[in-house]
Number of protein chains: 2
Amino acid sequence: MDLLDGIYTRRSIRYFTDEPVDKDHLIEMIKAGTWAPSGLNNQPWRFVIINDRAMLIKLSSLTKYKRIIEESRSCIAVYVDKKAMYNDVKDHQAIGACIQNMLLAAHALGLGSVWLGEILNKSDSVNSLLDISDEMGLMAVIAIGHPADRKATSKRRDISEVILKEI
Amino acid sequence: MDLLDGIYTRRSIRYFTDEPVDKDHLIEMIKAGTWAPSGLNNQPWRFVIINDRAMLIKLSSLTKYKRIIEESRSCIAVYVDKKAMYNDVKDHQAIGACIQNMLLAAHALGLGSVWLGEILNKSDSVNSLLDISDEMGLMAVIAIGHPADRKATSKRRDISEVILKEI
């Protein structure tokens, strides 16, 4: 897939088929994520892969987007290692860059994925469910699967609205 | 350029030739940035394009990475519109995703770019210099140009170090 085409055609995919996701593809998504830049190259990102159906069902109960996690075949919980952080804003930006690489990689691999943030309201419960130390801060859950045949559309502001000035 | 190849071969480029950057390419970078996902699709990103040499020299004096901005042919200052924000962590992540799309687009277009964050220490001075309202929070400056012939290398932790567990 062409890089610019991939950036423009990636959509948040919220409906999935029953087909499982290859482990190699989940690893490729994570590898792509780790090639994001980070301030001082501190690479603060950490990952939990969840394939187990019973665990996905439990995880789904912690968000109002329950159906999406239930329907997904795999999820990757993205964490920030608090011990590796040096600046909140820059570390959160680096995590965002990492997640974007992961979503683009999923798209290039023919997978659908969606970045779920609302579940951060239940971060403590997620850490407890996944048995992850509180030194790890939940940053997002990415729900992944093969896209079901639905049209995902999205809109953006015209570019003239976001360019403040040119000097 | 292939999407996954682009993710793996992008490097922070800190040395540039004298060749100017096409305006169309700067616009393409910004357009790519805006196709990042954002929480509630709030699209909080805003941009200032700087091509003027005298302004680049003034901007360069606000960071210890002075040489990089001086040597770049253009910079894009990335802002967050504070009025559009809804959650600090998620908005900063969205800005990171946007910047990553911009860096990947630059790479696909044959440009070199580097994400500069240290200049945030002088955010007030940057806003004052660019005559930008304090309702806009400086998030990063991206220095851009045609890459000079130097080998940019980088390293990442092995993937086994960043996967906490698989369930």
# chains A, B, ... in the order shown; residues from 1 in each chain; ligands from 1
>>> residues_around(residues="Ser12 of chain A", least_positions_apart="2", cutoff="8 Å", atoms="only C-alpha atoms", output="JSON, numbers by chain")
{"A": [10, 14, 112, 113, 114, 115, 152], "B": [37]}
>>> closest_atom_pairs(of="chain B", to="chain A", cutoff="8 Å", atoms="only C-alpha atoms", output="tab-separated table")
residue	atom	partner	partner_atom	distance
B:Met1	CA	A:Asp2	CA	5.5
B:Asp2	CA	A:Asp2	CA	4.7
B:Leu3	CA	A:Leu3	CA	3.9
B:Leu4	CA	A:Ala105	CA	6.3
B:Gly6	CA	A:Leu3	CA	6.7
B:Ile7	CA	A:Ala32	CA	6.5
B:Tyr8	CA	A:Trp35	CA	6.3
B:Ser12	CA	A:Pro37	CA	7.9
B:Ile30	CA	A:Ile159	CA	7.7
B:Lys31	CA	A:Ile159	CA	6.6
B:Ala32	CA	A:Ile7	CA	6.5
B:Thr34	CA	A:Arg156	CA	7.0
B:Trp35	CA	A:Tyr8	CA	6.2
B:Ala36	CA	A:Gln100	CA	7.3
B:Pro37	CA	A:Ser12	CA	7.9
B:Gly39	CA	A:Gly117	CA	7.3
B:Gln43	CA	A:Arg156	CA	7.7
B:Trp45	CA	A:Val162	CA	6.9
B:Arg46	CA	A:Val162	CA	4.7
B:Phe47	CA	A:Ile163	CA	4.7
B:Val48	CA	A:Lys165	CA	5.2
B:Ile49	CA	A:Glu166	CA	4.6
B:Ile50	CA	A:Ile167	CA	4.8
B:Asn51	CA	A:Ile167	CA	6.0
B:Asp52	CA	A:Ile167	CA	5.9
B:Met55	CA	A:Ile167	CA	7.7
B:Val89	CA	A:His92	CA	6.3
B:Lys90	CA	A:Gly117	CA	7.4
B:His92	CA	A:Gln93	CA	5.2
B:Gln93	CA	A:Gly96	CA	4.0
B:Ala94	CA	A:Gly96	CA	5.8
B:Ile95	CA	A:Gln93	CA	6.3
B:Gly96	CA	A:Gln93	CA	4.0
B:Ala97	CA	A:Ala97	CA	4.2
B:Cys98	CA	A:Ala97	CA	7.4
B:Ile99	CA	A:Ala97	CA	7.1
B:Gln100	CA	A:Ala97	CA	5.1
B:Asn101	CA	A:Ile7	CA	7.1
B:Leu104	CA	A:Leu3	CA	7.7
B:Ala105	CA	A:Leu4	CA	6.3
B:Ala108	CA	A:Leu3	CA	6.7
B:Gly117	CA	A:Gly39	CA	7.3
B:Arg156	CA	A:Thr34	CA	7.0
B:Arg157	CA	A:Gln43	CA	7.8
B:Ile159	CA	A:Lys31	CA	6.6
B:Val162	CA	A:Arg46	CA	4.7
B:Ile163	CA	A:Phe47	CA	4.8
B:Leu164	CA	A:Val48	CA	5.5
B:Lys165	CA	A:Val48	CA	5.2
B:Glu166	CA	A:Ile49	CA	4.6
B:Ile167	CA	A:Ile50	CA	4.8
>>> atom_distance(atom1="atom CA of Ile144 of chain A", atom2="atom CA of Val21 of chain A")
7.7 Å
>>> residues_around(residues="Lys82 of chain B", least_positions_apart="3", cutoff="7 Å", atoms="only C-alpha atoms", output="list in words")
Met85, Glu135, Met136 and Gly137 of chain B
>>> write_last_selection(atoms="N, CA, C and O atoms", output="PDB file, in the first residue's frame")
ATOM      1  N   MET B  85      -9.908  21.799  22.632  1.00  0.00           N
ATOM      2  CA  MET B  85      -9.484  20.644  23.450  1.00  0.00           C
ATOM      3  C   MET B  85     -10.623  20.117  24.336  1.00  0.00           C
ATOM      4  O   MET B  85     -11.508  20.863  24.726  1.00  0.00           O
ATOM      5  N   GLU B 135      -4.300  31.632  22.843  1.00  0.00           N
ATOM      6  CA  GLU B 135      -5.299  30.547  22.785  1.00  0.00           C
ATOM      7  C   GLU B 135      -4.753  29.348  22.024  1.00  0.00           C
ATOM      8  O   GLU B 135      -5.366  28.282  22.008  1.00  0.00           O
ATOM      9  N   MET B 136      -3.606  29.549  21.370  1.00  0.00           N
ATOM     10  CA  MET B 136      -2.952  28.456  20.646  1.00  0.00           C
ATOM     11  C   MET B 136      -1.726  28.016  21.449  1.00  0.00           C
ATOM     12  O   MET B 136      -0.873  28.849  21.787  1.00  0.00           O
ATOM     13  N   GLY B 137      -1.669  26.733  21.775  1.00  0.00           N
ATOM     14  CA  GLY B 137      -0.544  26.197  22.538  1.00  0.00           C
ATOM     15  C   GLY B 137       0.464  25.543  21.607  1.00  0.00           C
ATOM     16  O   GLY B 137       0.102  24.633  20.845  1.00  0.00           O
TER      17      GLY B 137
END
>>> atom_distance(atom1="atom CA of Phe16 of chain A", atom2="atom CA of Gly145 of chain A")
5.4 Å
>>> closest_residue(among="B:Thr17, B:His146, B:Gly110, B:Lys83", to="Asp134 of chain B", atoms="only C-alpha atoms")
B:Lys83
>>> select_by_dssp(residues="chain A", states="strand (DSSP E)", output="PyMOL selection string")
chain A and resi 45-50+74-81+112-116+136-145+163-166
>>> closest_residue(among="A:Asp149, A:His25, A:Ser133, A:Lys122", to="Leu59 of chain A", atoms="only C-alpha atoms")
A:Lys122
